[in-house]
Amino acid sequence: MSHHHIICSNVSFSYDKSFEILHEISFTAGHDDAIGLIGANGVGKSTLLRILVGLEMEFTGEVSIGEIKVTKKTLPRVREKIGYVFQDSENQLFMPTVYEDIAFAPRNYGLDSDQVEERVRHALDLIDIDYLKNKQPYKMSGGEKKLAAIATILAMTPDVILMDEPTIALDPRNRRRLINILNNLDHIKIIASHDLDMVLETCNRVILMSEGKIIADGETREILTNRELLEANGLELPFCLQGETGVSYKPSVPHTHIHL
């Protein structure tokens, strides 16, 4: 059995044949990985997440989640193993109450009422949002919606959690709360974000993308302290490192895949 839970091999994707969004993306992820997926706007981060969870199927190459190859036929099995937290939480909250939103997927997968209740209770406890369970989503703040959206994913007890810009629009208190939650979740995580300070705190590995390709894949601090590499690919050092002495000025090769 492979020790890699995610295998992405030579994946390319185009919305139309005139412009390639992703070009021969290859990486693996194992059980100890919390990966920050970084890069400037438009480099294909969100598209890659959508391919991993089976929302975009017209790709070339191969993707496997938990040794299940991602195809249209295997999507129900794949989505039992992988959860996707959308950038806009309102895309995931559509039921009358938070409880009903969290219960939706377990019910949809045929669990009995006791199992559903257990899953909902577990998710509410993990995120510590029992106080929100009877609340209507449209009456909640952006931070509360984000936490509720994460709980809907945890209710399916996935092995892998994908998140697209999870700290966007969060105030400092809810951003800190989210970081603490991420650090306490025992899941494989892939987090696409421009919030490099959050990535530095929550991820042990970073994949840097540019122009639809993987430019660097390595230990978080090695990449996020490399000013030359980040600036060559449209990014800046994390705010917390910008006044720090001793950050790396290693020459970068912006269009070469390097492993640090």
# chains A, B, ... in the order shown; residues from 1 in each chain; ligands from 1
$ closest_atom_pairs --of "region 147-199 of chain A" --to "region 205-222 of chain A" --cutoff "10 Å" --atoms "only C-alpha atoms" --output "JSON lines"
{"residue": "A:Ile190", "atom": "CA", "partner": "A:Val206", "partner_atom": "CA", "distance": 9.2}
{"residue": "A:Ile191", "atom": "CA", "partner": "A:Val206", "partner_atom": "CA", "distance": 9.4}
{"residue": "A:Ala192", "atom": "CA", "partner": "A:Ile207", "partner_atom": "CA", "distance": 9.4}
{"residue": "A:Leu196", "atom": "CA", "partner": "A:Thr220", "partner_atom": "CA", "distance": 9.9}
{"residue": "A:Val199", "atom": "CA", "partner": "A:Thr220", "partner_atom": "CA", "distance": 7.9}
$ residues_around --residues "region 136-148 of chain A" --least-positions-apart "5" --cutoff "7 Å" --atoms "only C-alpha atoms" --output "JSON, numbers by chain"
{"A": [89, 93, 96, 97, 98, 127, 169, 170, 174]}
$ closest_residue --among "A:Leu237, A:Ile168, A:Ile82, A:Cys203" --to "Met156 (chain A)" --atoms "only C-alpha atoms"
A:Ile82
$ closest_residue --among "A:Glu56, A:Asp33, A:Asp159, A:Asp197" --to "Ser14 (chain A)" --atoms "only C-alpha atoms"
A:Glu56
$ select_by_dssp --residues "region 32-228 of chain A" --states "strand (DSSP E)" --output "PyMOL selection string"
chain A and resi 34-38+59-65+68-69+82-85+160-164+188-192+205-210+213-219
$ closest_residue --among "A:Ile223, A:Ser18, A:Gly30, A:Met198" --to "Phe239 (chain A)" --atoms "only C-alpha atoms"
A:Met198
$ atom_distance --atom1 "CA of Asp186 (chain A)" --atom2 "CA of Leu22 (chain A)"
29.2 Å
$ residues_around --residues "Gly61 (chain A)" --least-positions-apart "3" --cutoff "12 Å" --atoms "only C-alpha atoms" --output "compact mmCIF listing (two decimals) with C-alpha atoms, in the first residue's frame"
# COMPACT_ATOMS: atom_id res chain seq x y z
CA ILE A 7 -1.03 11.40 -5.78
CA CYS A 8 -1.26 14.04 -8.49
CA SER A 9 0.58 12.99 -11.65
CA ASN A 10 1.18 15.20 -14.71
CA VAL A 11 -2.15 17.01 -14.36
CA SER A 12 -2.95 19.64 -16.96
CA PHE A 13 -6.19 21.58 -17.36
CA LEU A 22 -2.45 24.01 -15.16
CA HIS A 23 0.57 22.40 -16.81
CA GLU A 24 1.86 18.96 -15.77
CA ILE A 25 1.28 19.33 -12.03
CA SER A 26 2.80 16.49 -10.03
CA PHE A 27 3.06 16.09 -6.27
CA ILE A 51 -9.67 18.98 -9.51
CA LEU A 52 -8.60 17.16 -6.35
CA MET A 57 -13.10 16.59 -14.40
CA GLU A 58 -11.82 17.59 -17.85
CA SER A 64 -5.70 9.50 -6.71
CA LYS A 69 -8.37 7.16 -8.87
CA VAL A 70 -10.51 10.27 -9.35
CA THR A 71 -13.04 9.57 -12.10
$ closest_residue --among "A:Arg177, A:Lys133, A:His194, A:Lys189" --to "Gly234 (chain A)" --atoms "only C-alpha atoms"
A:His194
$ decode --residues "region 98-115 of chain A" --atoms "N, CA and C atoms" --output "short mmCIF file (atom, residue, chain, number, x, y, z; two decimals), in the first residue's frame"
data_model
loop_
_atom_site.label_atom_id
_atom_site.label_comp_id
_atom_site.auth_asym_id
_atom_site.auth_seq_id
_atom_site.Cartn_x
_atom_site.Cartn_y
_atom_site.Cartn_z
N VAL A 98 -27.60 25.87 11.12
CA VAL A 98 -26.26 25.29 11.07
C VAL A 98 -26.33 23.78 11.33
N TYR A 99 -27.14 23.36 12.31
CA TYR A 99 -27.28 21.93 12.58
C TYR A 99 -27.68 21.17 11.32
N GLU A 100 -28.67 21.69 10.61
CA GLU A 100 -29.14 21.01 9.40
C GLU A 100 -28.08 21.00 8.32
N ASP A 101 -27.28 22.05 8.21
CA ASP A 101 -26.19 22.07 7.24
C ASP A 101 -25.15 21.01 7.56
N ILE A 102 -24.80 20.88 8.83
CA ILE A 102 -23.79 19.90 9.22
C ILE A 102 -24.32 18.48 9.04
N ALA A 103 -25.61 18.30 9.28
CA ALA A 103 -26.21 16.97 9.17
C ALA A 103 -26.46 16.56 7.72
N PHE A 104 -26.44 17.50 6.80
CA PHE A 104 -26.87 17.22 5.43
C PHE A 104 -26.06 16.09 4.78
N ALA A 105 -24.74 16.21 4.80
CA ALA A 105 -23.91 15.20 4.12
C ALA A 105 -24.02 13.82 4.77
N PRO A 106 -23.93 13.71 6.10
CA PRO A 106 -24.11 12.37 6.70
C PRO A 106 -25.46 11.74 6.35
N ARG A 107 -26.52 12.54 6.35
CA ARG A 107 -27.83 12.00 5.97
C ARG A 107 -27.82 11.57 4.51
N ASN A 108 -27.18 12.38 3.66
CA ASN A 108 -27.16 12.10 2.24
C ASN A 108 -26.40 10.81 1.94
N TYR A 109 -25.46 10.46 2.81
CA TYR A 109 -24.70 9.22 2.63
C TYR A 109 -25.36 8.03 3.34
N GLY A 110 -26.57 8.23 3.85
CA GLY A 110 -27.36 7.11 4.34
C GLY A 110 -27.11 6.69 5.77
N LEU A 111 -26.47 7.52 6.56
CA LEU A 111 -26.26 7.17 7.97
C LEU A 111 -27.58 7.26 8.74
N ASP A 112 -27.72 6.43 9.76
CA ASP A 112 -28.96 6.47 10.52
C ASP A 112 -28.95 7.68 11.46
N SER A 113 -30.08 7.92 12.12
CA SER A 113 -30.24 9.16 12.89
C SER A 113 -29.24 9.26 14.03
N ASP A 114 -28.94 8.14 14.67
CA ASP A 114 -27.96 8.17 15.76
C ASP A 114 -26.56 8.51 15.25
N GLN A 115 -26.21 7.94 14.11
CA GLN A 115 -24.89 8.23 13.52
C GLN A 115 -24.81 9.69 13.08
#
